[in-house]
$ cat start_5.txt   # compact mmCIF, C-alpha atoms
# COMPACT_ATOMS: atom_id res chain seq x y z
CA MET A 1 -52.70 -10.01 72.01
CA PRO A 2 -53.16 -11.41 68.52
CA ILE A 3 -51.78 -8.30 66.84
CA ARG A 4 -48.65 -8.14 68.92
CA HIS A 5 -48.12 -11.84 68.41
CA THR A 6 -48.08 -11.45 64.62
CA THR A 7 -45.93 -8.37 64.90
CA ALA A 8 -43.37 -10.08 67.08
CA LEU A 9 -43.20 -13.08 64.80
CA LEU A 10 -42.70 -10.96 61.73
CA ALA A 11 -40.10 -8.86 63.45
CA MET A 12 -38.25 -11.96 64.55
CA LEU A 13 -38.29 -13.60 61.17
CA LEU A 14 -37.88 -10.63 58.91
CA PHE A 15 -35.50 -8.51 60.86
CA GLY A 16 -33.28 -11.20 62.23
CA THR A 17 -33.66 -10.36 65.90
CA ALA A 18 -34.16 -13.98 66.90
CA PRO A 19 -31.98 -17.07 66.53
CA LEU A 20 -34.66 -18.54 64.24
CA ALA A 21 -33.88 -16.00 61.56
CA GLN A 22 -30.14 -16.43 61.50
CA ALA A 23 -30.20 -18.81 58.58
CA ALA A 24 -32.35 -16.54 56.44
CA ASP A 25 -30.77 -13.12 56.47
CA LYS A 26 -31.33 -11.96 52.92
CA PRO A 27 -34.11 -13.73 51.04
CA THR A 28 -33.59 -14.83 47.44
CA ASP A 29 -35.97 -13.88 44.62
CA PRO A 30 -37.82 -17.24 44.70
CA GLN A 31 -38.27 -16.78 48.46
CA ILE A 32 -39.36 -13.15 48.10
CA ALA A 33 -41.93 -14.16 45.48
CA HIS A 34 -43.25 -16.81 47.87
CA ILE A 35 -43.45 -14.42 50.83
CA ALA A 36 -45.23 -11.73 48.79
CA TYR A 37 -47.70 -14.24 47.37
CA THR A 38 -48.33 -15.75 50.80
CA ALA A 39 -48.96 -12.29 52.28
CA GLY A 40 -51.67 -11.76 49.65
CA VAL A 41 -53.24 -15.19 50.15
CA ILE A 42 -53.42 -14.57 53.91
CA ASP A 43 -55.28 -11.31 53.44
CA VAL A 44 -57.73 -12.88 50.99
CA ALA A 45 -58.44 -15.67 53.51
CA ALA A 46 -58.99 -13.11 56.28
CA ALA A 47 -61.34 -11.14 54.02
CA LYS A 48 -63.32 -14.26 53.09
CA GLN A 49 -63.82 -15.01 56.77
CA ALA A 50 -65.10 -11.44 57.26
CA LEU A 51 -67.45 -11.78 54.29
CA LYS A 52 -69.00 -14.81 55.98
CA LYS A 53 -69.18 -13.41 59.49
CA SER A 54 -69.71 -9.67 59.32
CA LYS A 55 -73.01 -7.84 58.83
CA ASN A 56 -71.45 -4.38 58.83
CA LYS A 57 -71.72 -2.65 55.44
CA GLU A 58 -68.37 -0.88 55.72
CA VAL A 59 -66.55 -4.02 56.84
CA LEU A 60 -68.10 -6.09 54.05
CA ALA A 61 -67.17 -3.48 51.42
CA PHE A 62 -63.62 -3.33 52.76
CA ALA A 63 -63.30 -7.12 52.74
CA LYS A 64 -64.51 -7.25 49.12
CA ASP A 65 -61.89 -4.65 48.19
CA MET A 66 -59.20 -6.78 49.85
CA VAL A 67 -60.21 -9.91 47.95
CA ARG A 68 -60.32 -8.07 44.63
CA ASP A 69 -56.99 -6.24 45.01
CA HIS A 70 -54.95 -9.07 46.50
CA GLU A 71 -56.23 -11.55 43.95
CA ALA A 72 -55.28 -9.07 41.20
CA VAL A 73 -51.78 -8.62 42.67
CA ASN A 74 -51.30 -12.35 42.97
CA VAL A 75 -52.39 -12.97 39.36
CA GLN A 76 -49.67 -10.50 38.35
CA ALA A 77 -47.18 -12.21 40.65
CA LEU A 78 -47.93 -15.63 39.16
CA ASP A 79 -47.64 -14.24 35.61
CA LEU A 80 -44.31 -12.72 36.50
CA VAL A 81 -42.79 -15.83 38.10
CA LYS A 82 -43.91 -17.84 35.08
CA LYS A 83 -42.30 -15.31 32.73
CA LEU A 84 -39.10 -15.23 34.76
CA LYS A 85 -39.14 -19.02 35.14
CA VAL A 86 -38.81 -18.63 38.88
CA THR A 87 -40.34 -21.24 41.14
CA PRO A 88 -41.51 -19.60 44.37
CA GLU A 89 -39.72 -21.26 47.23
CA ASP A 90 -41.33 -21.91 50.60
CA ASN A 91 -39.29 -20.59 53.51
CA ALA A 92 -39.38 -19.92 57.24
CA THR A 93 -40.92 -16.46 56.85
CA SER A 94 -43.79 -17.71 54.66
CA LYS A 95 -44.41 -20.58 57.07
CA ALA A 96 -44.43 -18.27 60.10
CA LEU A 97 -46.79 -15.83 58.35
CA THR A 98 -49.20 -18.63 57.49
CA LYS A 99 -49.04 -20.08 60.99
CA ALA A 100 -49.72 -16.70 62.65
CA ALA A 101 -52.57 -16.00 60.23
CA THR A 102 -54.17 -19.40 60.86
CA GLU A 103 -54.07 -18.73 64.60
CA GLU A 104 -55.53 -15.27 64.09
CA ARG A 105 -58.40 -16.66 62.02
CA ALA A 106 -59.11 -19.25 64.71
CA LYS A 107 -59.33 -16.47 67.31
CA LEU A 108 -61.57 -14.35 65.08
CA ALA A 109 -63.81 -17.36 64.43
CA LYS A 110 -64.88 -17.27 68.07
CA LEU A 111 -66.00 -13.64 67.90
CA LYS A 112 -69.31 -12.26 66.70
CA GLY A 113 -70.91 -9.02 65.58
CA ALA A 114 -69.19 -5.76 66.55
CA ALA A 115 -66.44 -7.60 68.44
CA PHE A 116 -65.55 -9.55 65.30
CA ASP A 117 -65.67 -6.42 63.11
CA LYS A 118 -63.36 -4.52 65.42
CA ALA A 119 -60.88 -7.38 65.79
CA TYR A 120 -60.82 -8.01 62.03
CA VAL A 121 -60.29 -4.37 61.08
CA ASP A 122 -57.71 -3.76 63.82
CA ASN A 123 -55.79 -6.81 62.67
CA GLU A 124 -55.99 -5.58 59.08
CA VAL A 125 -54.38 -2.28 60.10
CA ALA A 126 -51.62 -4.08 62.01
CA TYR A 127 -51.09 -6.72 59.34
CA HIS A 128 -50.78 -4.21 56.51
CA GLN A 129 -48.38 -2.11 58.60
CA GLN A 130 -46.21 -5.16 59.14
CA VAL A 131 -46.19 -6.17 55.51
CA ASP A 132 -45.41 -2.55 54.51
CA GLY A 133 -42.43 -2.63 56.85
CA ALA A 134 -41.20 -5.94 55.49
CA LEU A 135 -41.59 -4.81 51.89
CA GLU A 136 -39.82 -1.52 52.50
CA THR A 137 -36.92 -2.67 54.61
CA LEU A 138 -36.29 -6.20 53.44
CA LEU A 139 -38.16 -7.57 50.43
CA ILE A 140 -37.78 -4.65 47.99
CA PRO A 141 -34.10 -3.98 48.83
CA SER A 142 -33.31 -7.71 48.58
CA ALA A 143 -35.03 -8.33 45.24
CA SER A 144 -32.48 -8.63 42.47
CA ASN A 145 -34.78 -8.89 39.44
CA ALA A 146 -35.96 -5.44 38.31
CA GLU A 147 -39.47 -6.61 37.34
CA LEU A 148 -39.94 -8.37 40.65
CA LYS A 149 -38.75 -5.24 42.45
CA SER A 150 -41.20 -3.10 40.45
CA LEU A 151 -44.13 -5.42 41.25
CA LEU A 152 -43.18 -5.33 44.94
CA GLU A 153 -43.10 -1.53 44.78
CA THR A 154 -46.62 -1.50 43.34
CA GLY A 155 -47.57 -4.03 46.01
CA LEU A 156 -46.20 -1.68 48.67
CA LYS A 157 -48.39 1.17 47.40
CA ILE A 158 -51.41 -1.17 47.41
CA PHE A 159 -50.65 -2.32 50.97
CA GLN A 160 -50.11 1.27 52.16
CA GLY A 161 -53.41 2.23 50.56
CA HIS A 162 -55.17 -0.66 52.27
CA GLU A 163 -53.63 0.32 55.59
CA GLN A 164 -55.12 3.82 55.28
CA HIS A 165 -58.42 2.35 54.10
CA ALA A 166 -58.46 -0.02 57.10
CA GLU A 167 -57.69 2.88 59.45
CA HIS A 168 -60.63 4.77 57.98
CA VAL A 169 -62.97 1.79 58.48
CA ALA A 170 -61.62 1.36 62.04
CA SER A 171 -62.42 5.01 62.80
CA MET A 172 -65.99 4.48 61.57
CA LEU A 173 -66.49 1.48 63.87
CA LYS A 174 -65.79 3.55 66.97
CA MET B 1 -65.98 51.25 0.25
CA ARG B 2 -63.77 49.23 -2.03
CA PRO B 3 -64.49 45.51 -2.27
CA ASP B 4 -61.09 44.85 -0.70
CA ASP B 5 -62.02 46.83 2.40
CA LEU B 6 -65.32 45.07 2.73
CA ASN B 7 -63.58 41.76 2.44
CA ARG B 8 -61.09 42.71 5.12
CA ARG B 9 -63.85 43.83 7.46
CA LEU B 10 -65.80 40.65 6.97
CA TRP B 11 -62.71 38.65 7.66
CA SER B 12 -61.88 40.51 10.81
CA ALA B 13 -65.44 40.14 12.03
CA ALA B 14 -65.29 36.43 11.34
CA LEU B 15 -61.94 36.14 13.11
CA ALA B 16 -63.18 38.12 16.12
CA PHE B 17 -66.12 35.78 16.36
CA ALA B 18 -63.90 32.72 16.08
CA PHE B 19 -61.52 33.94 18.79
CA ALA B 20 -64.34 34.91 21.09
CA ALA B 21 -65.80 31.44 20.69
CA THR B 22 -62.57 29.48 21.18
CA PRO B 23 -62.01 30.01 24.92
CA ALA B 24 -65.50 28.73 25.69
CA ALA B 25 -64.96 25.43 23.84
CA ALA B 26 -64.89 22.61 26.34
CA GLU B 27 -61.89 20.31 26.42
CA THR B 28 -61.33 16.79 27.57
CA ILE B 29 -58.33 16.48 29.84
CA GLU B 30 -56.79 13.07 30.39
CA VAL B 31 -55.47 11.90 33.75
CA THR B 32 -53.58 8.61 33.59
CA ILE B 33 -53.53 6.17 36.49
CA ASP B 34 -50.47 3.95 36.46
CA LYS B 35 -49.08 2.01 39.42
CA LEU B 36 -51.39 3.83 41.83
CA VAL B 37 -50.43 7.32 40.74
CA PHE B 38 -52.70 9.99 39.22
CA SER B 39 -50.74 11.76 36.53
CA PRO B 40 -50.68 14.68 36.23
CA ALA B 41 -51.49 14.96 39.91
CA THR B 42 -52.78 18.51 39.46
CA VAL B 43 -54.89 19.51 36.48
CA GLU B 44 -55.97 23.03 35.53
CA ALA B 45 -59.33 23.12 33.84
CA LYS B 46 -62.42 25.26 33.48
CA VAL B 47 -66.12 24.73 34.03
CA GLY B 48 -67.51 22.65 31.17
CA ASP B 49 -64.28 20.67 30.63
CA THR B 50 -64.33 16.93 31.02
CA ILE B 51 -61.77 14.98 33.01
CA ALA B 52 -61.13 11.50 31.63
CA TRP B 53 -59.30 9.12 33.95
CA VAL B 54 -57.50 6.36 32.07
CA ASN B 55 -56.76 3.43 34.37
CA LYS B 56 -53.74 1.41 33.25
CA ASP B 57 -53.68 -0.63 36.46
CA LYS B 58 -55.16 -4.05 36.98
CA PHE B 59 -56.85 -2.63 40.08
CA ALA B 60 -60.10 -0.73 40.38
CA HIS B 61 -59.72 2.85 41.53
CA THR B 62 -62.02 5.75 42.29
CA ALA B 63 -61.75 9.51 42.06
CA THR B 64 -63.59 10.55 45.18
CA VAL B 65 -64.23 13.96 46.68
CA LYS B 66 -64.88 13.88 50.40
CA GLY B 67 -68.53 14.75 50.88
CA GLY B 68 -68.91 15.16 47.11
CA TRP B 69 -68.85 13.17 43.91
CA GLU B 70 -67.25 9.83 43.14
CA VAL B 71 -66.19 8.34 39.83
CA MET B 72 -65.50 4.59 39.64
CA ILE B 73 -62.63 3.67 37.34
CA PRO B 74 -62.50 -0.09 36.65
CA PRO B 75 -59.19 -1.84 35.83
CA ASN B 76 -57.92 -1.11 32.30
CA LYS B 77 -60.88 1.17 31.65
CA SER B 78 -61.64 4.88 31.51
CA ALA B 79 -64.24 6.99 33.23
CA SER B 80 -65.02 10.65 32.94
CA LEU B 81 -66.70 13.56 34.63
CA THR B 82 -67.74 16.99 33.31
CA LEU B 83 -66.81 19.82 35.65
CA LYS B 84 -69.76 21.96 36.67
CA VAL B 85 -68.41 24.09 39.49
CA ALA B 86 -65.34 26.32 39.73
CA GLY B 87 -62.85 25.94 42.55
CA THR B 88 -60.00 23.78 43.76
CA ILE B 89 -61.06 20.19 44.26
CA ASP B 90 -58.94 17.62 46.07
CA TYR B 91 -59.80 14.04 45.30
CA PHE B 92 -58.45 10.63 46.30
CA CYS B 93 -58.98 6.95 45.60
CA ARG B 94 -61.36 5.48 48.17
CA PHE B 95 -59.76 2.03 47.82
CA HIS B 96 -56.22 3.39 48.14
CA PRO B 97 -56.43 6.71 49.99
CA ASN B 98 -52.71 7.25 49.46
CA MET B 99 -53.57 8.11 45.83
CA LYS B 100 -54.30 11.83 45.60
CA GLY B 101 -55.15 14.30 42.86
CA ARG B 102 -56.27 17.90 42.47
CA LEU B 103 -58.39 19.78 39.97
CA VAL B 104 -58.09 23.55 39.74
CA VAL B 105 -61.27 24.60 37.96
CA ALA B 106 -61.57 28.13 36.58
CA PRO B 107 -65.06 29.62 36.01

$ encode --input "start_5.txt" --output "structure tokens"
Amino acid sequence: MPIRHTTALLAMLLFGTAPLAQAADKPTDPQIAHIAYTAGVIDVAAAKQALKKSKNKEVLAFAKDMVRDHEAVNVQALDLVKKLKVTPEDNATSKALTKAATEERAKLAKLKGAAFDKAYVDNEVAYHQQVDGALETLLIPSASNAELKSLLETGLKIFQGHEQHAEHVASMLK
Amino acid sequence: MRPDDLNRRLWSAALAFAFAATPAAAETIEVTIDKLVFSPATVEAKVGDTIAWVNKDKFAHTATVKGGWEVMIPPNKSASLTLKVAGTIDYFCRFHPNMKGRLVVAP
């Protein structure tokens, strides 16, 4: 199961339930910035794949919304790290997110038509749920800079909104 | 009738007219969108009033009524709608359905 795979990985890395995560209990601001940015980049890449492969009007509109919103969040994130003179720092969580997303895209690449649409939208629901969880329980509480925390809070509302939007699209595909 | 009386009557007629006309004057009511929140979340208005949504976010939003109208509100822009029907209207943002607002429109 692609969804469960991503979920398990995130849980392991973000919630410290696996030996892998022992070194990284509480992420630093440069790491948090990197994770948040990576989470956005991943969703834009997934959306771009959907824009190429899908023919479904709802799915295409949703994917366009994802590209637009996540690119807007990431522009704000880059502006903020520049202002704060923080250099985003790659870390195990970012790497694991990217790896899981690359695998997911490879799986989706093999699907077509309605099967692709369903897999993409289902993964979007699961992915946004996971990122919501990580933001709420780990990234926001760990952020020490107030502006970074505020941007993450806005990011959480965006992700929660996308999750509901994805659920709506999923219900229309049935 | 003394000129004073006439004057007073004219004035009161003019005032009565002015007061009768005031409640019908349409207003523009502003709803700000900041960090994915409609504020105020609930607005009381009347038919003929205009709602102006002012989007302070860098994200596009909508004010959408399920099975009804939709107003697109681009980032850092405003959009408005004149209310034509009385009633309580719940709306949300189609892009971020966790954003919710309500208009209570009097006849």

$ closest_residue --input "start_5.txt" --among "B:Val105, B:Ala52, B:Ala60, B:Ile73" --to "chain A" --atoms "all atoms listed in the file"
B:Ala60

$ interface_residues --input "start_5.txt" --of "chain A" --to "chain B" --cutoff "6 Å" --atoms "only C-alpha atoms" --output "ChimeraX atom specification"
/A:154,161-162

$ write_last_selection --input "start_5.txt" --atoms "C-alpha atoms" --output "PDB file, in the coordinates of the input"
ATOM      1  CA  THR A 154     -46.620  -1.500  43.340  1.00  0.00           C
ATOM      2  CA  GLY A 161     -53.410   2.230  50.560  1.00  0.00           C
ATOM      3  CA  HIS A 162     -55.170  -0.660  52.270  1.00  0.00           C
TER       4      HIS A 162
END

$ closest_residue --input "start_5.txt" --among "B:Ala25, B:Ile33, B:Ala106, B:Ile89" --to "Lys46 (chain B)" --atoms "all atoms listed in the file"
B:Ala106

$ atom_distance --input "start_5.txt" --atom1 "CA of Ala106 (chain A)" --atom2 "CA of Asp132 (chain A)"
23.9 Å

$ axis_aligned_box --input "start_5.txt" --around "region 121-131 of chain A" --padding-each-side "8 Å" --output "lines of an AutoDock Vina configuration file"
center_x = -53.2
center_y = -4.5
center_z = 59.7
size_x = 30.1
size_y = 20.7
size_z = 24.3

$ residues_around --input "start_5.txt" --residues "Arg105 (chain A)" --least-positions-apart "4" --cutoff "7 Å" --atoms "only C-alpha atoms" --output "JSON, numbers by chain"
{"A": [46, 101, 109]}

$ atom_distance --input "start_5.txt" --atom1 "CA of Val44 (chain A)" --atom2 "CA of Trp53 (chain B)"
27.9 Å

$ closest_residue --input "start_5.txt" --among "A:Leu60, A:Ala72, A:Ile32, A:Ala45" --to "Leu148 (chain A)" --atoms "all atoms listed in the file"
A:Ile32

$ atom_distance --input "start_5.txt" --atom1 "CA of Leu84 (chain A)" --atom2 "CA of Lys99 (chain A)"
28.5 Å

$ closest_residue --input "start_5.txt" --among "A:Ala143, A:Ile42, A:Ala115, A:Met66" --to "His165 (chain A)" --atoms "all atoms listed in the file"
A:Met66

$ residues_around --input "start_5.txt" --residues "Leu173 (chain A)" --least-positions-apart "2" --cutoff "10 Å" --atoms "only C-alpha atoms" --output "ChimeraX atom specification"
/A:56,58-59,114,117-118,121,167-171

$ residues_around --input "start_5.txt" --residues "Asp49 (chain B)" --least-positions-apart "3" --cutoff "12 Å" --atoms "only C-alpha atoms" --output "list in words"
Pro23, Ala24, Ala25, Ala26, Glu27, Thr28, Ile29, Glu30, Val43, Glu44, Ala45, Lys46, Ala52, Ser80, Leu81, Thr82, Leu83, Lys84, Val85, Ala86, Leu103, Val104, Val105, Ala106 and Pro107 of chain B
